[in-house]
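Content type PDB, C-alpha atoms, from the file work.pdb:
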```pdb
ATOM      1  CA  MET A   1      80.043 -24.849 -12.867  1.00  0.00           C
ATOM      2  CA  THR A   2      83.117 -25.842 -14.842  1.00  0.00           C
ATOM      3  CA  LYS A   3      82.962 -28.469 -17.592  1.00  0.00           C
ATOM      4  CA  ALA A   4      85.002 -30.863 -15.445  1.00  0.00           C
ATOM      5  CA  ALA A   5      82.612 -30.498 -12.510  1.00  0.00           C
ATOM      6  CA  LEU A   6      79.581 -30.918 -14.762  1.00  0.00           C
ATOM      7  CA  PHE A   7      81.093 -34.071 -16.273  1.00  0.00           C
ATOM      8  CA  LEU A   8      81.735 -35.489 -12.777  1.00  0.00           C
ATOM      9  CA  VAL A   9      78.117 -34.835 -11.765  1.00  0.00           C
ATOM     10  CA  LEU A  10      76.836 -36.613 -14.894  1.00  0.00           C
ATOM     11  CA  VAL A  11      79.092 -39.617 -14.237  1.00  0.00           C
ATOM     12  CA  ILE A  12      77.876 -39.881 -10.631  1.00  0.00           C
ATOM     13  CA  GLN A  13      74.231 -39.659 -11.754  1.00  0.00           C
ATOM     14  CA  LEU A  14      74.800 -42.376 -14.359  1.00  0.00           C
ATOM     15  CA  LEU A  15      76.410 -44.670 -11.795  1.00  0.00           C
ATOM     16  CA  CYS A  16      73.518 -44.109  -9.390  1.00  0.00           C
ATOM     17  CA  VAL A  17      70.951 -44.986 -12.097  1.00  0.00           C
ATOM     18  CA  GLN A  18      72.868 -48.129 -13.044  1.00  0.00           C
ATOM     19  CA  SER A  19      73.169 -49.161  -9.397  1.00  0.00           C
ATOM     20  CA  ALA A  20      69.444 -48.628  -8.765  1.00  0.00           C
ATOM     21  CA  SER A  21      68.385 -50.565 -11.868  1.00  0.00           C
ATOM     22  CA  ALA A  22      70.851 -53.457 -11.648  1.00  0.00           C
ATOM     23  CA  LYS A  23      69.148 -56.741 -10.787  1.00  0.00           C
ATOM     24  CA  THR A  24      70.687 -59.146  -8.294  1.00  0.00           C
ATOM     25  CA  PHE A  25      70.675 -62.931  -8.271  1.00  0.00           C
ATOM     26  CA  PHE A  26      67.764 -62.891  -5.837  1.00  0.00           C
ATOM     27  CA  ASP A  27      65.768 -60.557  -8.094  1.00  0.00           C
ATOM     28  CA  TYR A  28      66.096 -62.941 -11.024  1.00  0.00           C
ATOM     29  CA  TYR A  29      65.453 -65.996  -8.849  1.00  0.00           C
ATOM     30  CA  GLN A  30      62.343 -64.599  -7.156  1.00  0.00           C
ATOM     31  CA  ASN A  31      60.944 -63.309 -10.447  1.00  0.00           C
ATOM     32  CA  GLY A  32      61.611 -66.689 -12.043  1.00  0.00           C
ATOM     33  CA  VAL A  33      59.776 -68.553  -9.277  1.00  0.00           C
ATOM     34  CA  MET A  34      56.777 -66.206  -9.539  1.00  0.00           C
ATOM     35  CA  GLU A  35      56.635 -66.527 -13.328  1.00  0.00           C
ATOM     36  CA  TYR A  36      56.966 -70.313 -13.153  1.00  0.00           C
ATOM     37  CA  ARG A  37      54.061 -70.527 -10.723  1.00  0.00           C
ATOM     38  CA  GLN A  38      51.983 -68.351 -13.045  1.00  0.00           C
ATOM     39  CA  GLY A  39      52.797 -70.566 -16.028  1.00  0.00           C
ATOM     40  CA  SER A  40      54.912 -67.897 -17.802  1.00  0.00           C
ATOM     41  CA  TYR A  41      57.564 -70.461 -18.678  1.00  0.00           C
ATOM     42  CA  SER A  42      59.446 -68.506 -21.364  1.00  0.00           C
ATOM     43  CA  GLN A  43      59.938 -65.508 -19.098  1.00  0.00           C
ATOM     44  CA  ALA A  44      60.810 -67.787 -16.176  1.00  0.00           C
ATOM     45  CA  MET A  45      63.452 -69.463 -18.347  1.00  0.00           C
ATOM     46  CA  SER A  46      64.990 -66.079 -19.155  1.00  0.00           C
ATOM     47  CA  ASP A  47      65.164 -65.072 -15.490  1.00  0.00           C
ATOM     48  CA  PHE A  48      66.579 -68.393 -14.309  1.00  0.00           C
ATOM     49  CA  GLN A  49      69.238 -68.262 -17.029  1.00  0.00           C
ATOM     50  CA  GLN A  50      70.231 -64.852 -15.701  1.00  0.00           C
ATOM     51  CA  ALA A  51      70.263 -66.246 -12.142  1.00  0.00           C
ATOM     52  CA  PHE A  52      72.394 -69.153 -13.374  1.00  0.00           C
ATOM     53  CA  SER A  53      74.934 -66.766 -14.916  1.00  0.00           C
ATOM     54  CA  LEU A  54      75.275 -65.059 -11.514  1.00  0.00           C
ATOM     55  CA  SER A  55      75.329 -68.245  -9.423  1.00  0.00           C
ATOM     56  CA  PRO A  56      76.037 -71.334 -11.578  1.00  0.00           C
ATOM     57  CA  SER A  57      76.397 -73.676  -8.585  1.00  0.00           C
ATOM     58  CA  ASN A  58      72.996 -72.963  -7.016  1.00  0.00           C
ATOM     59  CA  SER A  59      71.130 -76.282  -6.985  1.00  0.00           C
ATOM     60  CA  ASN A  60      67.670 -74.658  -6.757  1.00  0.00           C
ATOM     61  CA  VAL A  61      68.373 -72.769  -9.987  1.00  0.00           C
ATOM     62  CA  HIS A  62      69.413 -76.046 -11.621  1.00  0.00           C
ATOM     63  CA  TYR A  63      66.176 -77.642 -10.380  1.00  0.00           C
ATOM     64  CA  TYR A  64      64.017 -74.979 -11.989  1.00  0.00           C
ATOM     65  CA  LEU A  65      66.063 -75.062 -15.196  1.00  0.00           C
ATOM     66  CA  GLY A  66      65.460 -78.822 -15.235  1.00  0.00           C
ATOM     67  CA  LEU A  67      61.713 -78.276 -14.837  1.00  0.00           C
ATOM     68  CA  LEU A  68      61.611 -75.619 -17.530  1.00  0.00           C
ATOM     69  CA  ASN A  69      63.644 -77.606 -20.047  1.00  0.00           C
ATOM     70  CA  ASP A  70      61.307 -80.511 -19.277  1.00  0.00           C
ATOM     71  CA  GLN A  71      58.366 -78.273 -20.167  1.00  0.00           C
ATOM     72  CA  PHE A  72      59.944 -77.503 -23.540  1.00  0.00           C
ATOM     73  CA  ASN A  73      60.910 -81.192 -24.146  1.00  0.00           C
ATOM     74  CA  ARG A  74      64.620 -80.332 -24.139  1.00  0.00           C
ATOM     75  CA  ASN A  75      65.576 -83.675 -22.693  1.00  0.00           C
ATOM     76  CA  HIS A  76      69.360 -83.390 -22.795  1.00  0.00           C
ATOM     77  CA  GLU A  77      69.391 -79.995 -21.087  1.00  0.00           C
ATOM     78  CA  ALA A  78      66.861 -81.167 -18.501  1.00  0.00           C
ATOM     79  CA  VAL A  79      68.977 -84.209 -17.622  1.00  0.00           C
ATOM     80  CA  VAL A  80      72.103 -82.066 -17.199  1.00  0.00           C
ATOM     81  CA  HIS A  81      70.365 -79.830 -14.658  1.00  0.00           C
ATOM     82  CA  TYR A  82      68.599 -82.708 -12.894  1.00  0.00           C
ATOM     83  CA  GLN A  83      71.925 -84.536 -12.592  1.00  0.00           C
ATOM     84  CA  PHE A  84      73.461 -81.486 -10.908  1.00  0.00           C
ATOM     85  CA  VAL A  85      70.566 -81.487  -8.415  1.00  0.00           C
ATOM     86  CA  MET A  86      71.127 -85.188  -7.723  1.00  0.00           C
ATOM     87  CA  ASP A  87      74.836 -84.632  -7.129  1.00  0.00           C
ATOM     88  CA  HIS A  88      74.769 -81.400  -5.123  1.00  0.00           C
ATOM     89  CA  CYS A  89      71.352 -80.718  -3.585  1.00  0.00           C
ATOM     90  CA  ASP A  90      70.580 -81.456   0.077  1.00  0.00           C
ATOM     91  CA  GLU A  91      66.780 -81.326  -0.290  1.00  0.00           C
ATOM     92  CA  THR A  92      65.494 -84.890  -0.568  1.00  0.00           C
ATOM     93  CA  ARG A  93      62.258 -84.030  -2.364  1.00  0.00           C
ATOM     94  CA  LEU A  94      64.125 -82.231  -5.148  1.00  0.00           C
ATOM     95  CA  VAL A  95      66.679 -85.015  -5.515  1.00  0.00           C
ATOM     96  CA  ASP A  96      63.949 -87.679  -5.637  1.00  0.00           C
ATOM     97  CA  TYR A  97      62.000 -85.869  -8.330  1.00  0.00           C
ATOM     98  CA  ALA A  98      65.145 -85.157 -10.377  1.00  0.00           C
ATOM     99  CA  ALA A  99      66.133 -88.836 -10.221  1.00  0.00           C
ATOM    100  CA  THR A 100      62.648 -89.938 -11.307  1.00  0.00           C
ATOM    101  CA  ARG A 101      62.630 -87.611 -14.300  1.00  0.00           C
ATOM    102  CA  VAL A 102      66.126 -88.697 -15.375  1.00  0.00           C
ATOM    103  CA  ARG A 103      65.035 -92.349 -15.290  1.00  0.00           C
ATOM    104  CA  ASP A 104      61.861 -91.560 -17.253  1.00  0.00           C
ATOM    105  CA  ILE A 105      63.758 -89.593 -19.903  1.00  0.00           C
ATOM    106  CA  GLN A 106      66.371 -92.329 -20.251  1.00  0.00           C
ATOM    107  CA  LYS A 107      63.709 -95.039 -20.560  1.00  0.00           C
ATOM    108  CA  THR A 108      61.990 -93.038 -23.259  1.00  0.00           C
ATOM    109  CA  ALA A 109      65.254 -92.585 -25.136  1.00  0.00           C
ATOM    110  CA  LEU A 110      65.989 -96.321 -24.969  1.00  0.00           C
ATOM    111  CA  ALA A 111      62.522 -97.034 -26.342  1.00  0.00           C
ATOM    112  CA  GLY A 112      63.369 -94.886 -29.351  1.00  0.00           C
ATOM    113  CA  ILE A 113      60.693 -92.278 -28.707  1.00  0.00           C
ATOM    114  CA  SER A 114      61.982 -88.822 -29.581  1.00  0.00           C
ATOM    115  CA  SER A 115      59.313 -86.819 -27.746  1.00  0.00           C
ATOM    116  CA  PRO A 116      58.089 -88.417 -24.509  1.00  0.00           C
ATOM    117  CA  VAL A 117      54.436 -88.500 -23.539  1.00  0.00           C
ATOM    118  CA  LYS A 118      54.312 -86.845 -20.147  1.00  0.00           C
ATOM    119  CA  THR A 119      52.325 -88.956 -17.737  1.00  0.00           C
ATOM    120  CA  ALA A 120      53.766 -87.225 -14.689  1.00  0.00           C
ATOM    121  CA  GLY A 121      55.432 -83.959 -13.900  1.00  0.00           C
ATOM    122  CA  VAL A 122      55.360 -80.773 -11.860  1.00  0.00           C
ATOM    123  CA  VAL A 123      52.345 -78.485 -11.699  1.00  0.00           C
ATOM    124  CA  ALA A 124      52.555 -74.887 -10.505  1.00  0.00           C
ATOM    125  CA  LEU A 125      49.967 -74.029  -7.875  1.00  0.00           C
ATOM    126  CA  LYS A 126      47.927 -70.866  -7.611  1.00  0.00           C
ATOM    127  CA  GLN A 127      46.605 -69.820  -4.218  1.00  0.00           C
ATOM    128  CA  PHE A 128      43.250 -68.184  -3.599  1.00  0.00           C
ATOM    129  CA  SER A 129      42.412 -67.512   0.031  1.00  0.00           C
ATOM    130  CA  ASN A 130      43.149 -70.858   1.720  1.00  0.00           C
ATOM    131  CA  ALA A 131      42.573 -72.932  -1.439  1.00  0.00           C
ATOM    132  CA  LEU A 132      45.179 -74.393  -3.799  1.00  0.00           C
ATOM    133  CA  LEU A 133      44.132 -74.039  -7.446  1.00  0.00           C
ATOM    134  CA  VAL A 134      45.246 -75.737 -10.674  1.00  0.00           C
ATOM    135  CA  GLU A 135      44.143 -75.461 -14.280  1.00  0.00           C
ATOM    136  CA  ALA A 136      42.849 -78.693 -15.846  1.00  0.00           C
ATOM    137  CA  THR A 137      41.555 -79.800 -19.251  1.00  0.00           C
ATOM    138  CA  MET A 138      38.781 -82.389 -19.579  1.00  0.00           C
ATOM    139  CA  ASN A 139      38.488 -84.743 -22.567  1.00  0.00           C
ATOM    140  CA  GLU A 140      41.030 -82.544 -24.367  1.00  0.00           C
ATOM    141  CA  LYS A 141      38.498 -79.802 -25.077  1.00  0.00           C
ATOM    142  CA  VAL A 142      37.123 -78.014 -21.991  1.00  0.00           C
ATOM    143  CA  ALA A 143      39.345 -76.265 -19.438  1.00  0.00           C
ATOM    144  CA  GLY A 144      38.607 -75.031 -15.952  1.00  0.00           C
ATOM    145  CA  THR A 145      40.053 -74.103 -12.566  1.00  0.00           C
ATOM    146  CA  PHE A 146      40.000 -76.789  -9.869  1.00  0.00           C
ATOM    147  CA  ILE A 147      40.534 -76.705  -6.114  1.00  0.00           C
ATOM    148  CA  VAL A 148      42.958 -79.427  -5.000  1.00  0.00           C
ATOM    149  CA  ASP A 149      41.078 -81.548  -2.438  1.00  0.00           C
ATOM    150  CA  THR A 150      43.027 -84.627  -1.326  1.00  0.00           C
ATOM    151  CA  GLY A 151      40.187 -85.523   1.045  1.00  0.00           C
ATOM    152  CA  ALA A 152      37.559 -85.881  -1.686  1.00  0.00           C
ATOM    153  CA  THR A 153      36.921 -89.404  -2.979  1.00  0.00           C
ATOM    154  CA  TYR A 154      35.898 -88.145  -6.399  1.00  0.00           C
ATOM    155  CA  THR A 155      37.012 -85.361  -8.646  1.00  0.00           C
ATOM    156  CA  SER A 156      34.005 -83.098  -9.152  1.00  0.00           C
ATOM    157  CA  ILE A 157      32.944 -80.786 -11.955  1.00  0.00           C
ATOM    158  CA  SER A 158      30.181 -78.227 -12.219  1.00  0.00           C
ATOM    159  CA  ARG A 159      26.961 -78.929 -14.091  1.00  0.00           C
ATOM    160  CA  GLU A 160      27.953 -76.140 -16.470  1.00  0.00           C
ATOM    161  CA  MET A 161      31.158 -78.028 -17.281  1.00  0.00           C
ATOM    162  CA  ALA A 162      29.238 -81.264 -17.764  1.00  0.00           C
ATOM    163  CA  ASP A 163      26.959 -79.513 -20.263  1.00  0.00           C
ATOM    164  CA  ALA A 164      29.952 -78.053 -22.112  1.00  0.00           C
ATOM    165  CA  LEU A 165      31.436 -81.560 -22.354  1.00  0.00           C
ATOM    166  CA  GLY A 166      28.160 -82.951 -23.692  1.00  0.00           C
ATOM    167  CA  LEU A 167      27.840 -85.484 -20.869  1.00  0.00           C
ATOM    168  CA  ASP A 168      24.530 -87.322 -20.536  1.00  0.00           C
ATOM    169  CA  LEU A 169      23.454 -87.121 -16.906  1.00  0.00           C
ATOM    170  CA  THR A 170      19.984 -88.546 -17.425  1.00  0.00           C
ATOM    171  CA  HIS A 171      20.983 -92.168 -16.907  1.00  0.00           C
ATOM    172  CA  ALA A 172      24.148 -91.540 -14.881  1.00  0.00           C
ATOM    173  CA  GLU A 173      24.747 -93.522 -11.697  1.00  0.00           C
ATOM    174  CA  ARG A 174      24.073 -91.478  -8.586  1.00  0.00           C
ATOM    175  CA  VAL A 175      26.389 -91.695  -5.594  1.00  0.00           C
ATOM    176  CA  PRO A 176      26.207 -90.189  -2.081  1.00  0.00           C
ATOM    177  CA  ILE A 177      28.646 -87.456  -1.090  1.00  0.00           C
ATOM    178  CA  THR A 178      28.984 -85.338   2.036  1.00  0.00           C
ATOM    179  CA  THR A 179      28.708 -81.560   1.705  1.00  0.00           C
ATOM    180  CA  ALA A 180      28.501 -78.681   4.160  1.00  0.00           C
ATOM    181  CA  ASN A 181      24.713 -79.102   4.024  1.00  0.00           C
ATOM    182  CA  GLY A 182      24.773 -82.845   4.706  1.00  0.00           C
ATOM    183  CA  ARG A 183      24.734 -85.937   2.480  1.00  0.00           C
ATOM    184  CA  ILE A 184      23.283 -85.679  -1.010  1.00  0.00           C
ATOM    185  CA  GLU A 185      23.218 -87.879  -4.103  1.00  0.00           C
ATOM    186  CA  VAL A 186      24.840 -86.576  -7.285  1.00  0.00           C
ATOM    187  CA  PRO A 187      25.450 -87.968 -10.793  1.00  0.00           C
ATOM    188  CA  LYS A 188      28.716 -89.811 -11.405  1.00  0.00           C
ATOM    189  CA  VAL A 189      30.206 -90.006 -14.917  1.00  0.00           C
ATOM    190  CA  MET A 190      33.511 -90.953 -16.540  1.00  0.00           C
ATOM    191  CA  LEU A 191      35.965 -88.584 -18.226  1.00  0.00           C
ATOM    192  CA  LYS A 192      38.137 -90.133 -20.917  1.00  0.00           C
ATOM    193  CA  THR A 193      41.032 -87.880 -19.967  1.00  0.00           C
ATOM    194  CA  LEU A 194      41.800 -85.251 -17.358  1.00  0.00           C
ATOM    195  CA  SER A 195      45.012 -83.316 -17.845  1.00  0.00           C
ATOM    196  CA  VAL A 196      46.681 -80.930 -15.414  1.00  0.00           C
ATOM    197  CA  ASN A 197      49.546 -79.118 -17.169  1.00  0.00           C
ATOM    198  CA  GLY A 198      50.579 -82.234 -19.092  1.00  0.00           C
ATOM    199  CA  VAL A 199      49.959 -84.628 -16.189  1.00  0.00           C
ATOM    200  CA  GLU A 200      47.265 -86.791 -17.721  1.00  0.00           C
ATOM    201  CA  ALA A 201      45.040 -89.495 -16.268  1.00  0.00           C
ATOM    202  CA  HIS A 202      42.591 -91.685 -18.189  1.00  0.00           C
ATOM    203  CA  ASN A 203      39.109 -92.927 -17.260  1.00  0.00           C
ATOM    204  CA  VAL A 204      38.627 -90.578 -14.315  1.00  0.00           C
ATOM    205  CA  GLU A 205      35.393 -90.904 -12.340  1.00  0.00           C
ATOM    206  CA  VAL A 206      33.853 -87.508 -11.597  1.00  0.00           C
ATOM    207  CA  THR A 207      30.750 -86.341  -9.809  1.00  0.00           C
ATOM    208  CA  VAL A 208      28.662 -83.413 -11.043  1.00  0.00           C
ATOM    209  CA  LEU A 209      27.832 -80.645  -8.566  1.00  0.00           C
ATOM    210  CA  ASP A 210      25.509 -77.668  -8.731  1.00  0.00           C
ATOM    211  CA  LEU A 211      27.970 -74.870  -8.003  1.00  0.00           C
ATOM    212  CA  ARG A 212      26.759 -71.327  -7.439  1.00  0.00           C
ATOM    213  CA  LYS A 213      26.911 -69.030 -10.444  1.00  0.00           C
ATOM    214  CA  GLY A 214      30.004 -66.871 -10.597  1.00  0.00           C
ATOM    215  CA  ALA A 215      32.106 -69.310  -8.559  1.00  0.00           C
ATOM    216  CA  SER A 216      35.856 -68.789  -8.984  1.00  0.00           C
ATOM    217  CA  PHE A 217      36.425 -72.510  -9.663  1.00  0.00           C
ATOM    218  CA  SER A 218      34.953 -75.213 -11.903  1.00  0.00           C
ATOM    219  CA  GLY A 219      35.296 -78.187  -9.591  1.00  0.00           C
ATOM    220  CA  LEU A 220      37.442 -80.182  -7.168  1.00  0.00           C
ATOM    221  CA  LEU A 221      40.507 -82.244  -8.041  1.00  0.00           C
ATOM    222  CA  GLY A 222      39.979 -85.319  -5.865  1.00  0.00           C
ATOM    223  CA  LEU A 223      41.365 -88.795  -5.356  1.00  0.00           C
ATOM    224  CA  SER A 224      39.850 -90.323  -8.493  1.00  0.00           C
ATOM    225  CA  PHE A 225      42.536 -88.340 -10.363  1.00  0.00           C
ATOM    226  CA  ILE A 226      45.239 -88.052  -7.710  1.00  0.00           C
ATOM    227  CA  LYS A 227      45.355 -91.771  -6.867  1.00  0.00           C
ATOM    228  CA  GLN A 228      46.762 -92.542 -10.313  1.00  0.00           C
ATOM    229  CA  PHE A 229      50.016 -90.883  -9.231  1.00  0.00           C
ATOM    230  CA  ARG A 230      52.277 -90.497  -6.243  1.00  0.00           C
ATOM    231  CA  LEU A 231      51.633 -86.893  -5.204  1.00  0.00           C
ATOM    232  CA  THR A 232      53.852 -84.533  -3.239  1.00  0.00           C
ATOM    233  CA  ILE A 233      52.627 -81.055  -2.345  1.00  0.00           C
ATOM    234  CA  ASP A 234      55.420 -78.529  -1.928  1.00  0.00           C
ATOM    235  CA  PRO A 235      53.836 -75.306  -0.597  1.00  0.00           C
ATOM    236  CA  GLN A 236      57.194 -73.508  -0.340  1.00  0.00           C
ATOM    237  CA  LEU A 237      57.921 -73.880  -4.051  1.00  0.00           C
ATOM    238  CA  GLY A 238      54.222 -73.689  -4.914  1.00  0.00           C
ATOM    239  CA  GLN A 239      54.174 -77.046  -6.692  1.00  0.00           C
ATOM    240  CA  LEU A 240      52.333 -80.302  -7.019  1.00  0.00           C
ATOM    241  CA  ILE A 241      54.838 -83.026  -7.928  1.00  0.00           C
ATOM    242  CA  PHE A 242      53.229 -86.027  -9.669  1.00  0.00           C
ATOM    243  CA  GLN A 243      55.320 -89.192 -10.012  1.00  0.00           C
ATOM    244  CA  PRO A 244      54.445 -92.520 -11.631  1.00  0.00           C
ATOM    245  CA  LEU A 245      53.275 -95.252  -9.291  1.00  0.00           C
TER     246      LEU A 245
END
```

Just give me the structure as structure tokens.
Amino acid sequence: MTKAALFLVLVIQLLCVQSASAKTFFDYYQNGVMEYRQGSYSQAMSDFQQAFSLSPSNSNVHYYLGLLNDQFNRNHEAVVHYQFVMDHCDETRLVDYAATRVRDIQKTALAGISSPVKTAGVVALKQFSNALLVEATMNEKVAGTFIVDTGATYTSISREMADALGLDLTHAERVPITTANGRIEVPKVMLKTLSVNGVEAHNVEVTVLDLRKGASFSGLLGLSFIKQFRLTIDPQLGQLIFQPL
């Protein structure tokens, strides 16, 4: 093989490798969505910035960049992306959330608070079988995985969690609840705070359940938490969207 022919073969091989490894807009977008749902916000930011460079007028990319800048308290950048969503997006739920966050950020700025306390926001969902799961922190010290249950009157935690929180169940009020095995009475106590990815509620009533050992969740996220917000569940984007009442 002549040198010229060998050089041509090497060039073709190099082009094929580059073509196979080059990521498209959809690669970056899909990876970004997956990483956002998993809570890998820094990596998600990197992928959505790449997606933005390839398609700067895509309103869904702007929406996620708004969410991610919100996570990092970059208020100005978040507002810029949210404003684009408000001006160009056709999906009502995204526009409504973007408008709410812009108002909240502007109110905070007018109040002279440099870093807003997040009382509402967007929470990435994890799915296990047919259940929707979120990570939550109780009284700012104990964390666990909760199943979202909009039909449950109370948020519930396991007895193991109650022990870890140091809750006194001896004199706790007992309330009736309905389970798969019928109606039972369980202790009801109060959590000072319950936080789901920065979405925080105060004075949340919770019941204490005897969950089986080795369960993949620590409790149920019920109405005693959810009712403090206006909740939208977006299964397509894998999100819970909490807005102030």

> Hey, which of A:Ser57, A:Ser129, A:Asn31, A:Gln50 ends up closest to Phe84 of chain A? Count all atoms listed in the file.
Replying inline: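 The closest residue to Phe84 of chain A is A:Ser57.
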
>> Starting from the PyMOL selection byres ((chain A and resi 206-208) around 10), expand the selection into actual residues of this file and give them as a PyMOL selection string.
In response: chain A and resi 153-162+169+172-177+185-191+203-205+209-211+219-225

> Once the PyMOL selection byres ((chain A and resi 71) around 12) has been applied to the shown file, what residues remain in the selection, as number ranges by chain?
Replying inline: A: 36, 39-42, 44-45, 64-70, 72-75, 77-78, 101, 115-118, 120-124, 197-199

>> Which polymer residues, whether protein, DNA or RNA, lie within 7 Å of the coordinate (47.1, -84.8, -2.7) when you count only C-alpha atoms? List them as a list in words, using the chain letters and numbers from the file.
In response: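 Checking each residue against the 7 Å limit leaves Asp149, Thr150, Ile226, Leu231, Thr232 and Ile233 of chain A.
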
> Rounded to one decimal in Å, what is the spacing between atom CA of Gly144 of chain A and atom CA of Pro244 of chain A?
Replying inline: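 Spanning atom CA of Gly144 of chain A to atom CA of Pro244 of chain A is a straight-line distance of 24.0 Å.
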
>> Can you pull out the residues contacting Cys89 of chain A? Cut-off 6 Å, using all atoms listed in the file, and skip same-chain residues under 2 positions away; I want them as a list of chain:residue names.
In response: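 Near neighbours after the sequence-gap exclusion: A:Ser59, A:Val85, A:Glu91.
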